[in-house]
file model-v4.cif (mmCIF, C-alpha atoms)
data_entry
loop_
_atom_site.label_atom_id
_atom_site.label_comp_id
_atom_site.auth_asym_id
_atom_site.auth_seq_id
_atom_site.Cartn_x
_atom_site.Cartn_y
_atom_site.Cartn_z
CA MET A 1 6.62 -4.09 138.26
CA ASP A 2 7.29 -1.04 136.06
CA ARG A 3 7.91 -1.23 132.33
CA PHE A 4 8.36 1.23 129.47
CA ARG A 5 5.83 1.75 126.71
CA ILE A 6 7.55 3.18 123.66
CA GLU A 7 6.01 4.31 120.38
CA GLY A 8 8.72 4.25 117.72
CA GLY A 9 9.35 6.56 114.80
CA SER A 10 10.28 9.85 116.46
CA ARG A 11 13.40 11.74 115.37
CA LEU A 12 15.19 12.92 118.50
CA GLN A 13 16.16 16.59 118.67
CA GLY A 14 17.37 18.90 121.41
CA ALA A 15 19.83 18.87 124.28
CA VAL A 16 20.36 16.42 127.12
CA HIS A 17 22.42 16.86 130.30
CA ILE A 18 24.62 13.93 131.34
CA SER A 19 24.60 12.83 134.98
CA GLY A 20 27.58 11.89 137.11
CA ALA A 21 29.11 8.46 136.53
CA LYS A 22 27.54 5.74 138.65
CA ASN A 23 30.70 3.65 138.28
CA SER A 24 32.74 6.51 139.70
CA ALA A 25 30.30 7.54 142.42
CA LEU A 26 30.09 4.06 143.97
CA PRO A 27 33.81 3.65 144.76
CA ALA A 28 33.91 7.27 145.91
CA MET A 29 31.13 6.51 148.39
CA ALA A 30 32.99 3.43 149.58
CA ALA A 31 36.15 5.50 150.03
CA ALA A 32 34.35 7.57 152.67
CA LEU A 33 34.73 4.54 154.97
CA LEU A 34 38.47 5.27 155.11
CA THR A 35 38.16 8.40 157.24
CA ARG A 36 36.39 9.74 160.32
CA GLU A 37 35.92 13.10 158.60
CA PRO A 38 33.15 14.14 156.19
CA VAL A 39 33.51 13.41 152.49
CA HIS A 40 31.48 15.72 150.26
CA LEU A 41 30.65 14.31 146.83
CA LYS A 42 29.17 16.39 144.01
CA ASN A 43 27.49 15.38 140.74
CA ILE A 44 26.08 12.16 142.21
CA PRO A 45 23.52 10.47 139.91
CA ARG A 46 20.15 9.60 141.39
CA VAL A 47 20.03 5.93 140.43
CA ARG A 48 19.08 2.76 142.28
CA ASP A 49 22.66 1.54 142.90
CA ILE A 50 23.53 4.81 144.64
CA ILE A 51 20.55 4.42 146.96
CA THR A 52 21.58 0.84 147.73
CA MET A 53 25.17 1.88 148.50
CA GLY A 54 23.88 4.66 150.77
CA ARG A 55 21.82 2.14 152.72
CA LEU A 56 24.81 -0.16 153.00
CA LEU A 57 27.03 2.61 154.39
CA ALA A 58 24.29 3.65 156.81
CA HIS A 59 24.11 0.03 158.00
CA MET A 60 27.79 0.38 158.89
CA ASN A 61 26.93 3.42 161.04
CA ALA A 62 28.05 6.03 158.52
CA ARG A 63 26.01 9.22 158.29
CA VAL A 64 24.73 9.70 154.75
CA GLU A 65 23.18 13.09 154.04
CA THR A 66 21.59 14.42 150.89
CA PRO A 67 20.91 18.17 151.10
CA GLU A 68 17.79 19.42 149.40
CA LEU A 69 19.73 21.77 147.13
CA PRO A 70 21.53 20.92 144.95
CA PRO A 71 20.06 17.42 144.69
CA THR A 72 23.25 15.92 143.27
CA ASP A 73 25.36 16.51 146.40
CA LEU A 74 26.06 13.86 149.02
CA THR A 75 27.89 14.00 152.34
CA ILE A 76 29.14 10.85 154.04
CA GLN A 77 30.80 10.69 157.44
CA ALA A 78 31.93 7.39 158.92
CA GLU A 79 33.15 8.66 162.28
CA THR A 80 32.93 5.10 163.55
CA VAL A 81 32.39 1.85 161.68
CA SER A 82 30.29 -0.27 163.99
CA ASP A 83 29.61 -3.15 161.62
CA ALA A 84 32.32 -4.17 159.15
CA GLU A 85 29.89 -6.41 157.29
CA ALA A 86 27.96 -6.04 154.04
CA PRO A 87 24.91 -8.32 154.46
CA TYR A 88 23.26 -10.18 151.60
CA ASP A 89 19.91 -8.42 151.98
CA LEU A 90 21.56 -5.11 151.11
CA VAL A 91 23.97 -6.23 148.39
CA ARG A 92 22.05 -8.89 146.46
CA THR A 93 21.13 -6.46 143.66
CA MET A 94 24.46 -4.68 143.34
CA ARG A 95 27.89 -6.08 142.51
CA ALA A 96 29.59 -2.83 143.53
CA SER A 97 29.07 -3.78 147.17
CA ILE A 98 32.39 -5.66 146.90
CA LEU A 99 33.99 -2.20 146.92
CA THR A 100 33.47 -2.00 150.68
CA LEU A 101 35.88 -4.90 151.22
CA GLY A 102 39.06 -2.90 150.63
CA PRO A 103 38.28 0.19 152.73
CA LEU A 104 36.86 -1.86 155.61
CA VAL A 105 39.87 -4.13 155.97
CA GLY A 106 42.16 -1.14 155.40
CA ARG A 107 40.61 0.87 158.21
CA SER A 108 39.32 -1.75 160.65
CA GLY A 109 41.63 -4.65 159.91
CA TYR A 110 38.60 -6.85 159.22
CA ALA A 111 35.78 -7.03 156.69
CA ARG A 112 33.00 -9.49 155.92
CA VAL A 113 31.10 -8.99 152.67
CA SER A 114 28.37 -11.09 151.11
CA LEU A 115 29.05 -12.36 147.61
CA PRO A 116 27.43 -9.64 145.49
CA GLY A 117 24.52 -9.75 143.06
CA GLY A 118 23.79 -7.53 140.05
CA CYS A 119 23.42 -8.13 136.33
CA ALA A 120 23.33 -11.62 134.82
CA ILE A 121 26.05 -10.99 132.24
CA GLY A 122 28.48 -13.71 133.19
CA ALA A 123 31.19 -14.33 135.75
CA ARG A 124 32.88 -11.36 137.33
CA PRO A 125 35.07 -13.34 139.73
CA VAL A 126 36.00 -11.74 143.02
CA ASP A 127 38.96 -14.11 143.31
CA LEU A 128 41.06 -11.38 141.68
CA HIS A 129 40.23 -9.10 144.62
CA LEU A 130 40.97 -11.81 147.16
CA LYS A 131 44.29 -12.84 145.63
CA ALA A 132 45.37 -9.20 145.57
CA LEU A 133 44.45 -8.71 149.23
CA GLN A 134 46.42 -11.85 150.08
CA GLN A 135 49.40 -10.34 148.26
CA MET A 136 49.03 -7.39 150.63
CA GLY A 137 49.15 -9.72 153.63
CA ALA A 138 45.44 -10.26 154.31
CA GLU A 139 44.08 -13.56 155.58
CA ILE A 140 41.08 -14.62 153.46
CA SER A 141 38.26 -17.02 154.27
CA THR A 142 34.85 -17.81 152.75
CA GLU A 143 31.83 -19.28 154.47
CA HIS A 144 28.07 -19.42 153.90
CA GLY A 145 28.19 -17.03 150.94
CA TYR A 146 30.39 -14.45 152.69
CA LEU A 147 33.96 -13.33 152.09
CA ALA A 148 36.09 -12.36 155.08
CA ALA A 149 39.40 -10.50 154.97
CA LYS A 150 41.55 -9.95 158.04
CA ALA A 151 44.81 -8.10 158.59
CA PRO A 152 47.45 -10.24 160.32
CA GLY A 153 47.31 -9.84 164.08
CA GLY A 154 44.21 -7.68 163.78
CA GLY A 155 46.32 -4.63 162.93
CA ARG A 156 47.01 -2.90 159.61
CA LEU A 157 47.67 -4.58 156.30
CA PRO A 158 51.42 -4.73 155.64
CA GLY A 159 51.19 -3.87 151.93
CA GLY A 160 52.97 -5.74 149.17
CA ASN A 161 53.39 -6.31 145.46
CA VAL A 162 50.05 -6.88 143.73
CA VAL A 163 49.98 -8.27 140.21
CA PHE A 164 46.55 -8.72 138.63
CA ASP A 165 46.34 -11.74 136.33
CA LYS A 166 43.54 -9.97 134.49
CA ILE A 167 42.60 -6.31 134.33
CA THR A 168 39.82 -5.57 136.81
CA VAL A 169 38.34 -2.14 137.47
CA THR A 170 36.71 -2.84 140.82
CA GLY A 171 39.69 -4.97 141.84
CA THR A 172 42.06 -2.06 141.17
CA GLU A 173 39.78 0.29 143.10
CA ASN A 174 39.49 -2.09 146.05
CA ILE A 175 43.25 -2.49 146.38
CA LEU A 176 43.85 1.25 146.03
CA MET A 177 41.54 1.86 149.01
CA ALA A 178 43.00 -0.96 151.09
CA ALA A 179 46.55 0.20 150.35
CA ALA A 180 45.87 3.82 151.29
CA LEU A 181 45.95 2.93 155.02
CA ALA A 182 48.41 0.03 154.86
CA ALA A 183 51.46 0.03 157.11
CA GLY A 184 53.84 -0.15 154.18
CA GLU A 185 54.05 0.37 150.45
CA THR A 186 51.91 -1.38 147.84
CA ARG A 187 52.76 -1.66 144.17
CA ILE A 188 49.96 -2.55 141.77
CA GLU A 189 50.77 -3.96 138.33
CA ASN A 190 48.33 -4.46 135.43
CA ALA A 191 46.02 -1.90 137.01
CA ALA A 192 42.90 -0.79 135.15
CA LEU A 193 43.14 2.47 133.17
CA GLU A 194 39.45 3.42 133.22
CA PRO A 195 38.61 7.08 133.95
CA GLU A 196 36.65 5.94 137.01
CA VAL A 197 39.88 4.55 138.53
CA THR A 198 41.68 7.84 137.89
CA ASP A 199 38.74 9.70 139.45
CA LEU A 200 39.03 7.58 142.60
CA ILE A 201 42.78 8.25 142.77
CA GLU A 202 42.05 11.99 142.63
CA LEU A 203 39.61 11.69 145.55
CA LEU A 204 41.97 9.54 147.63
CA THR A 205 44.83 11.95 146.96
CA ASN A 206 42.66 14.85 148.12
CA MET A 207 41.98 12.84 151.29
CA GLY A 208 45.72 12.57 151.93
CA ALA A 209 46.63 9.28 150.22
CA ARG A 210 50.07 9.01 148.61
CA ILE A 211 49.56 7.49 145.17
CA GLU A 212 51.85 7.64 142.15
CA GLY A 213 51.22 6.55 138.57
CA ALA A 214 47.64 7.75 138.02
CA GLY A 215 46.52 6.96 134.48
CA THR A 216 49.06 4.15 134.04
CA SER A 217 48.96 0.40 134.63
CA SER A 218 51.63 0.62 137.37
CA LEU A 219 50.58 2.25 140.62
CA ARG A 220 52.54 2.88 143.80
CA VAL A 221 50.70 3.51 147.08
CA ARG A 222 52.56 4.45 150.22
CA GLY A 223 50.25 3.88 153.17
CA VAL A 224 49.52 6.67 155.65
CA ASP A 225 48.35 6.55 159.27
CA ALA A 226 45.07 8.36 158.60
CA LEU A 227 43.07 10.03 155.85
CA GLY A 228 41.02 13.20 156.10
CA GLY A 229 37.86 14.53 154.55
CA ALA A 230 37.60 16.01 151.08
CA THR A 231 35.26 17.58 148.53
CA HIS A 232 35.16 15.90 145.14
CA THR A 233 33.13 16.22 141.93
CA ILE A 234 32.28 12.96 140.17
CA ILE A 235 33.17 12.73 136.46
CA PRO A 236 30.39 12.58 133.83
CA ASP A 237 28.94 9.18 132.96
CA ARG A 238 30.61 8.16 129.70
CA ILE A 239 28.17 5.27 129.17
CA GLU A 240 25.10 7.46 129.55
CA ALA A 241 26.68 9.97 127.16
CA GLY A 242 27.40 7.19 124.68
CA THR A 243 23.84 5.88 124.94
CA PHE A 244 22.38 9.28 124.04
CA LEU A 245 24.84 9.68 121.17
CA VAL A 246 23.57 6.37 119.77
CA ALA A 247 19.96 7.48 120.40
CA GLY A 248 20.50 10.56 118.26
CA ALA A 249 22.27 8.55 115.55
CA ILE A 250 19.81 5.65 115.34
CA THR A 251 16.80 7.96 115.00
CA GLY A 252 18.48 10.18 112.40
CA GLY A 253 18.19 12.99 114.89
CA ALA A 254 20.20 15.99 116.01
CA VAL A 255 21.11 15.77 119.69
CA GLU A 256 23.42 17.92 121.79
CA VAL A 257 25.00 15.99 124.67
CA LEU A 258 25.92 18.43 127.45
CA ASP A 259 28.14 18.07 130.54
CA CYS A 260 30.00 15.07 129.13
CA ALA A 261 33.71 14.20 128.89
CA PRO A 262 34.55 13.67 125.18
CA GLN A 263 38.09 12.56 126.04
CA HIS A 264 36.59 9.45 127.69
CA LEU A 265 34.66 8.49 124.53
CA THR A 266 37.33 8.34 121.84
CA SER A 267 36.80 4.68 120.86
CA LEU A 268 33.03 5.05 120.63
CA LEU A 269 33.27 8.31 118.67
CA ALA A 270 35.61 6.68 116.16
CA LYS A 271 33.17 3.79 115.61
CA LEU A 272 30.17 6.10 115.28
CA ARG A 273 32.01 8.17 112.68
CA GLU A 274 32.86 4.93 110.86
CA THR A 275 29.13 4.24 110.53
CA GLY A 276 28.63 7.67 108.95
CA VAL A 277 27.44 9.59 112.01
CA ASP A 278 28.44 13.27 112.09
CA ILE A 279 29.80 14.26 115.51
CA GLN A 280 31.01 17.73 116.41
CA GLN A 281 32.64 19.00 119.60
CA PRO A 282 31.83 22.70 120.07
CA ASP A 283 33.54 22.84 123.47
CA GLU A 284 35.32 20.60 126.00
CA ARG A 285 32.07 19.41 127.64
CA THR A 286 29.69 19.15 124.66
CA LEU A 287 29.15 16.79 121.74
CA ARG A 288 26.67 17.22 118.89
CA VAL A 289 25.48 14.18 116.97
CA CYS A 290 23.59 14.17 113.68
CA GLY A 291 22.30 10.86 112.38
CA PRO A 292 22.95 10.19 108.67
CA ARG A 293 20.29 9.25 106.15
CA LYS A 294 22.06 5.88 105.83
CA LEU A 295 24.18 4.12 108.43
CA ALA A 296 27.10 1.94 107.35
CA ALA A 297 28.07 -1.32 109.04
CA ALA A 298 31.13 -1.38 111.31
CA ASP A 299 32.86 -4.09 113.31
CA VAL A 300 33.37 -3.75 117.07
CA ARG A 301 35.57 -5.62 119.51
CA THR A 302 35.13 -4.81 123.21
CA GLU A 303 38.32 -4.18 125.16
CA GLU A 304 39.49 -2.66 128.40
CA TYR A 305 39.83 1.13 128.37
CA PRO A 306 40.80 2.91 126.20
CA GLY A 307 39.27 0.30 123.89
CA PHE A 308 35.59 0.00 123.00
CA ALA A 309 33.66 -0.33 126.26
CA THR A 310 31.74 -3.55 126.90
CA ASP A 311 29.04 -1.36 128.47
CA MET A 312 28.37 0.15 125.00
CA GLN A 313 28.27 -3.16 123.11
CA ALA A 314 24.50 -3.72 123.42
CA GLN A 315 23.69 -0.15 122.37
CA PHE A 316 25.96 -0.44 119.33
CA MET A 317 24.19 -3.68 118.39
CA ALA A 318 20.89 -1.79 118.28
CA LEU A 319 22.51 0.76 115.95
CA ALA A 320 23.93 -2.03 113.77
CA THR A 321 20.43 -3.38 113.07
CA GLN A 322 19.82 -0.16 111.09
CA ALA A 323 23.16 -0.09 109.26
CA GLU A 324 23.74 -1.31 105.71
CA GLY A 325 25.85 -4.46 105.61
CA ALA A 326 27.14 -6.93 108.17
CA SER A 327 28.53 -5.74 111.50
CA VAL A 328 30.67 -8.21 113.46
CA ILE A 329 30.54 -7.59 117.22
CA THR A 330 33.02 -9.48 119.40
CA GLU A 331 32.60 -9.49 123.18
CA THR A 332 35.89 -10.21 124.98
CA ILE A 333 35.11 -9.03 128.53
CA PHE A 334 32.05 -11.06 129.59
CA GLU A 335 30.99 -14.46 128.28
CA ASN A 336 27.24 -14.02 128.59
CA ARG A 337 26.50 -10.55 127.29
CA PHE A 338 24.41 -11.19 124.17
CA MET A 339 21.10 -11.91 125.88
CA HIS A 340 19.62 -8.74 124.40
CA ALA A 341 20.21 -10.15 120.89
CA SER A 342 17.36 -12.66 121.14
CA GLU A 343 14.99 -9.88 122.19
CA MET A 344 16.03 -7.77 119.19
CA VAL A 345 15.46 -10.79 116.94
CA ARG A 346 11.89 -10.91 118.27
CA MET A 347 11.58 -7.33 117.01
CA GLY A 348 12.78 -8.36 113.53
CA ALA A 349 16.56 -7.98 113.75
CA ASN A 350 18.80 -10.34 111.79
CA ILE A 351 21.42 -11.41 114.34
CA SER A 352 23.35 -14.66 114.59
CA ILE A 353 25.48 -15.64 117.58
CA ASP A 354 28.57 -17.85 117.55
CA GLY A 355 30.19 -17.98 120.97
CA ARG A 356 31.46 -14.52 121.78
CA THR A 357 30.75 -13.14 118.30
CA ALA A 358 27.51 -11.66 117.00
CA ILE A 359 26.91 -10.91 113.32
CA VAL A 360 24.26 -8.27 112.66
CA HIS A 361 22.88 -7.94 109.12
CA GLY A 362 21.09 -4.72 108.31
CA PRO A 363 19.23 -2.67 107.82
CA THR A 364 16.14 -4.49 109.05
CA PRO A 365 12.80 -2.88 109.86
CA LEU A 366 12.04 -3.48 113.52
CA GLN A 367 8.53 -4.13 114.80
CA GLY A 368 7.17 -3.13 118.19
CA SER A 369 6.94 -6.07 120.57
CA GLY A 370 7.07 -7.13 124.19
CA VAL A 371 10.70 -7.57 125.27
CA ILE A 372 12.44 -8.36 128.53
CA ALA A 373 15.58 -6.63 129.82
CA SER A 374 18.20 -9.01 131.20
CA ASP A 375 20.68 -6.47 132.53
CA LEU A 376 21.42 -2.75 132.77
CA ARG A 377 22.93 -2.12 129.35
CA ALA A 378 20.65 -4.65 127.61
CA SER A 379 17.67 -2.61 128.81
CA ALA A 380 19.17 0.53 127.27
CA SER A 381 19.73 -1.26 123.95
CA LEU A 382 16.11 -2.42 123.84
CA VAL A 383 14.92 1.13 124.46
CA LEU A 384 17.10 2.29 121.55
CA ALA A 385 15.71 -0.43 119.28
CA ALA A 386 12.17 0.52 120.30
CA LEU A 387 12.78 4.15 119.30
CA VAL A 388 13.05 3.08 115.64
CA ALA A 389 10.58 0.19 115.69
CA GLN A 390 7.24 0.44 113.97
CA GLY A 391 4.41 0.45 116.48
CA GLU A 392 4.45 -0.03 120.22
CA THR A 393 7.11 -1.76 122.31
CA PHE A 394 6.85 -2.74 125.96
CA VAL A 395 10.19 -3.17 127.78
CA ASP A 396 9.80 -5.22 130.97
CA ARG A 397 12.10 -5.32 134.01
CA VAL A 398 13.17 -1.69 133.71
CA TYR A 399 14.44 -1.86 137.29
CA HIS A 400 17.66 -2.88 135.54
CA ILE A 401 17.88 0.45 133.72
CA ASP A 402 17.04 2.33 136.92
CA ARG A 403 20.25 0.95 138.42
CA GLY A 404 22.40 3.05 136.11
CA TYR A 405 20.38 5.68 134.21
CA GLU A 406 18.89 8.70 135.91
CA ARG A 407 15.29 9.28 134.72
CA ILE A 408 16.11 8.10 131.20
CA GLU A 409 12.48 8.20 130.11
CA GLU A 410 12.20 11.87 131.13
CA LYS A 411 15.38 12.79 129.28
CA LEU A 412 14.24 10.96 126.15
CA THR A 413 10.82 12.58 126.32
CA ARG A 414 12.41 16.02 126.32
CA LEU A 415 14.20 15.02 123.11
CA GLY A 416 10.91 14.08 121.46
CA ALA A 417 10.70 10.36 122.15
CA ARG A 418 7.28 8.88 122.88
CA ILE A 419 8.09 6.87 125.99
CA GLU A 420 6.33 6.47 129.31
CA ARG A 421 6.72 4.39 132.45
CA VAL A 422 3.69 2.20 133.13
CA SER A 423 2.85 -0.42 135.75
#

call {"tool": "encode", "arguments": {"input": "model-v4.cif", "output": "structure tokens"}}
result
Amino acid sequence: MDRFRIEGGSRLQGAVHISGAKNSALPAMAAALLTREPVHLKNIPRVRDIITMGRLLAHMNARVETPELPPTDLTIQAETVSDAEAPYDLVRTMRASILTLGPLVGRSGYARVSLPGGCAIGARPVDLHLKALQQMGAEISTEHGYLAAKAPGGGRLPGGNVVFDKITVTGTENILMAAALAAGETRIENAALEPEVTDLIELLTNMGARIEGAGTSSLRVRGVDALGGATHTIIPDRIEAGTFLVAGAITGGAVEVLDCAPQHLTSLLAKLRETGVDIQQPDERTLRVCGPRKLAAADVRTEEYPGFATDMQAQFMALATQAEGASVITETIFENRFMHASEMVRMGANISIDGRTAIVHGPTPLQGSGVIASDLRASASLVLAALVAQGETFVDRVYHIDRGYERIEEKLTRLGARIERVS
């Protein structure tokens, strides 16, 4: 099993290109199930979850093609869907597999999806998806670890009024895809506002879907008889961009983050500036970060977009270990997302946990150690901590980081980090 060996103490300098957003690419790939025609996707990141989704779509008889040049393009054509089932063997490592539920039942009138796997960061209940599909007229059943959704009479979903009790990104995306081919109109209330949702709406609209309210919490989808093919460019990965901004800040470096979307990072940028980090925006797709000589403590509370992203909480905690004062970090999205804290404590961090609140006292000198990644973003935070630790750190279970970061060790190496992948 691969792990990272990191020698701390290097000041990062240079430029890094940001890949396409995994959390936008996955629903876009699932949306290809809605049409018989080819869907061409550009700026696809080469990460493990994308490979898994490609295998899942191929299992359903979709043609998934990756041309040699450019390597970030992907073409998917689901002329027929021969197997409206997402089996456990293919989805056990990836929660995004639930995204096939909506398009399958929307197109075929039936879908059977294994309960998904993924990161161990707490409950991400699919009951929100199921209740919403029921509000659209679907018949839902569960058996032997599988979820089944069926349109009444084996035809098309009627559509309906969907009200989410809690904001859910994948739930919103699933219902958008199911509603696109519904017989009637679907209204979605308390919809997620994340850029990845808006990106999916843009793709679906280009395919012929009739959707109103993009960028708001109230969406209206008028179902159509069929969708066509489209060409779509995936938005930049705001979490990868944020991770490299923190990497430049925590090492006191000077890093230029290219091909990003600064408008998707406003909450993070505000918090980084609060800690004393200098951030400049020379153009609409570039951010420059310069780490200060001294970082100041800042409090963070994770919230749904446009609030501070839960996917940046662990990385900010690593930064807080080097800031002067006490930083209070409150996690409101997931109930089990502080597992990285105990690993940072092993490295010398002063962190105390009380329920969903972590208090980080800094600055503390970190020492190289053996640490274990528990999930995707935790692995990134441990890499960041290792960059400023004295001595050598080994980060185990880096298959987590491979799920969402494209060749992160190569990108960090080009910035001057001393990091290598070892067996």

call {"tool": "closest_atom_pairs", "arguments": {"input": "model-v4.cif", "of": "stretch 306-366 of chain A", "to": "stretch 381-384 of chain A", "cutoff": "9 Å", "atoms": "only C-alpha atoms", "output": "CSV"}}
result
residue,atom,partner,partner_atom,distance
A:Met312,CA,A:Ser381,CA,8.8
A:Gln313,CA,A:Ser381,CA,8.8
A:Ala314,CA,A:Ser381,CA,5.4
A:Gln315,CA,A:Ser381,CA,4.4
A:Phe316,CA,A:Ser381,CA,7.8
A:Met317,CA,A:Ser381,CA,7.5
A:Ala318,CA,A:Ser381,CA,5.8
A:Leu319,CA,A:Leu384,CA,7.9
A:His340,CA,A:Leu382,CA,7.3
A:Glu343,CA,A:Leu382,CA,7.7
A:Met344,CA,A:Leu382,CA,7.1

call {"tool": "atom_distance", "arguments": {"input": "model-v4.cif", "atom1": "atom CA of A:Gly248", "atom2": "atom CA of A:Leu387"}}
result
10.1 Å

call {"tool": "closest_residue", "arguments": {"input": "model-v4.cif", "among": "A:Leu269, A:Leu33, A:Ala86, A:Val360", "to": "A:Val328", "atoms": "only C-alpha atoms"}}
result
A:Val360

call {"tool": "residues_around", "arguments": {"input": "model-v4.cif", "residues": "A:His361", "least_positions_apart": "4", "cutoff": "7 Å", "atoms": "all atoms listed in the file", "output": "MDAnalysis selection string"}}
result
chainID A and resid 321 325:327 350:351

call {"tool": "residues_around", "arguments": {"input": "model-v4.cif", "residues": "A:Ala209", "least_positions_apart": "6", "cutoff": "7 Å", "atoms": "all atoms listed in the file", "output": "NGL selection string"}}
result
:A and (180 or 224 or 227)

call {"tool": "atom_distance", "arguments": {"input": "model-v4.cif", "atom1": "atom CA of A:Ala249", "atom2": "atom CA of A:Ala373"}}
result
21.9 Å

call {"tool": "atom_distance", "arguments": {"input": "model-v4.cif", "atom1": "atom CA of A:Ala182", "atom2": "atom CA of A:Thr52"}}
result
27.8 Å

call {"tool": "closest_residue", "arguments": {"input": "model-v4.cif", "among": "A:Glu194, A:Asp259, A:Asp2, A:Asp89", "to": "A:Ala15", "atoms": "only C-alpha atoms"}}
result
A:Asp259

call {"tool": "closest_residue", "arguments": {"input": "model-v4.cif", "among": "A:Val163, A:Leu128, A:Val47, A:Ala178", "to": "A:Thr100", "atoms": "only C-alpha atoms"}}
result
A:Ala178

call {"tool": "closest_residue", "arguments": {"input": "model-v4.cif", "among": "A:Ser141, A:Pro306, A:Pro262, A:Pro236", "to": "A:Gly215", "atoms": "all atoms listed in the file"}}
result
A:Pro306

call {"tool": "resolve_selection", "arguments": {"input": "model-v4.cif", "expression": "the PyMOL selection byres ((chain A and resi 242) around 12)", "output": "VMD selection string"}}
result
chain A and resid 16 18 236 to 241 243 to 249 255 to 258 260 to 262 264 to 272 279 287 to 289 308 to 316 319 377 380 to 381 384 405

call {"tool": "write_last_selection", "arguments": {"input": "model-v4.cif", "atoms": "C-alpha atoms", "output": "compact mmCIF listing (two decimals), in the coordinates of the input"}}
result
# COMPACT_ATOMS: atom_id res chain seq x y z
CA VAL A 16 20.36 16.42 127.12
CA ILE A 18 24.62 13.93 131.34
CA PRO A 236 30.39 12.58 133.83
CA ASP A 237 28.94 9.18 132.96
CA ARG A 238 30.61 8.16 129.70
CA ILE A 239 28.17 5.27 129.17
CA GLU A 240 25.10 7.46 129.55
CA ALA A 241 26.68 9.97 127.16
CA THR A 243 23.84 5.88 124.94
CA PHE A 244 22.38 9.28 124.04
CA LEU A 245 24.84 9.68 121.17
CA VAL A 246 23.57 6.37 119.77
CA ALA A 247 19.96 7.48 120.40
CA GLY A 248 20.50 10.56 118.26
CA ALA A 249 22.27 8.55 115.55
CA VAL A 255 21.11 15.77 119.69
CA GLU A 256 23.42 17.92 121.79
CA VAL A 257 25.00 15.99 124.67
CA LEU A 258 25.92 18.43 127.45
CA CYS A 260 30.00 15.07 129.13
CA ALA A 261 33.71 14.20 128.89
CA PRO A 262 34.55 13.67 125.18
CA HIS A 264 36.59 9.45 127.69
CA LEU A 265 34.66 8.49 124.53
CA THR A 266 37.33 8.34 121.84
CA SER A 267 36.80 4.68 120.86
CA LEU A 268 33.03 5.05 120.63
CA LEU A 269 33.27 8.31 118.67
CA ALA A 270 35.61 6.68 116.16
CA LYS A 271 33.17 3.79 115.61
CA LEU A 272 30.17 6.10 115.28
CA ILE A 279 29.80 14.26 115.51
CA LEU A 287 29.15 16.79 121.74
CA ARG A 288 26.67 17.22 118.89
CA VAL A 289 25.48 14.18 116.97
CA PHE A 308 35.59 0.00 123.00
CA ALA A 309 33.66 -0.33 126.26
CA THR A 310 31.74 -3.55 126.90
CA ASP A 311 29.04 -1.36 128.47
CA MET A 312 28.37 0.15 125.00
CA GLN A 313 28.27 -3.16 123.11
CA ALA A 314 24.50 -3.72 123.42
CA GLN A 315 23.69 -0.15 122.37
CA PHE A 316 25.96 -0.44 119.33
CA LEU A 319 22.51 0.76 115.95
CA ARG A 377 22.93 -2.12 129.35
CA ALA A 380 19.17 0.53 127.27
CA SER A 381 19.73 -1.26 123.95
CA LEU A 384 17.10 2.29 121.55
CA TYR A 405 20.38 5.68 134.21
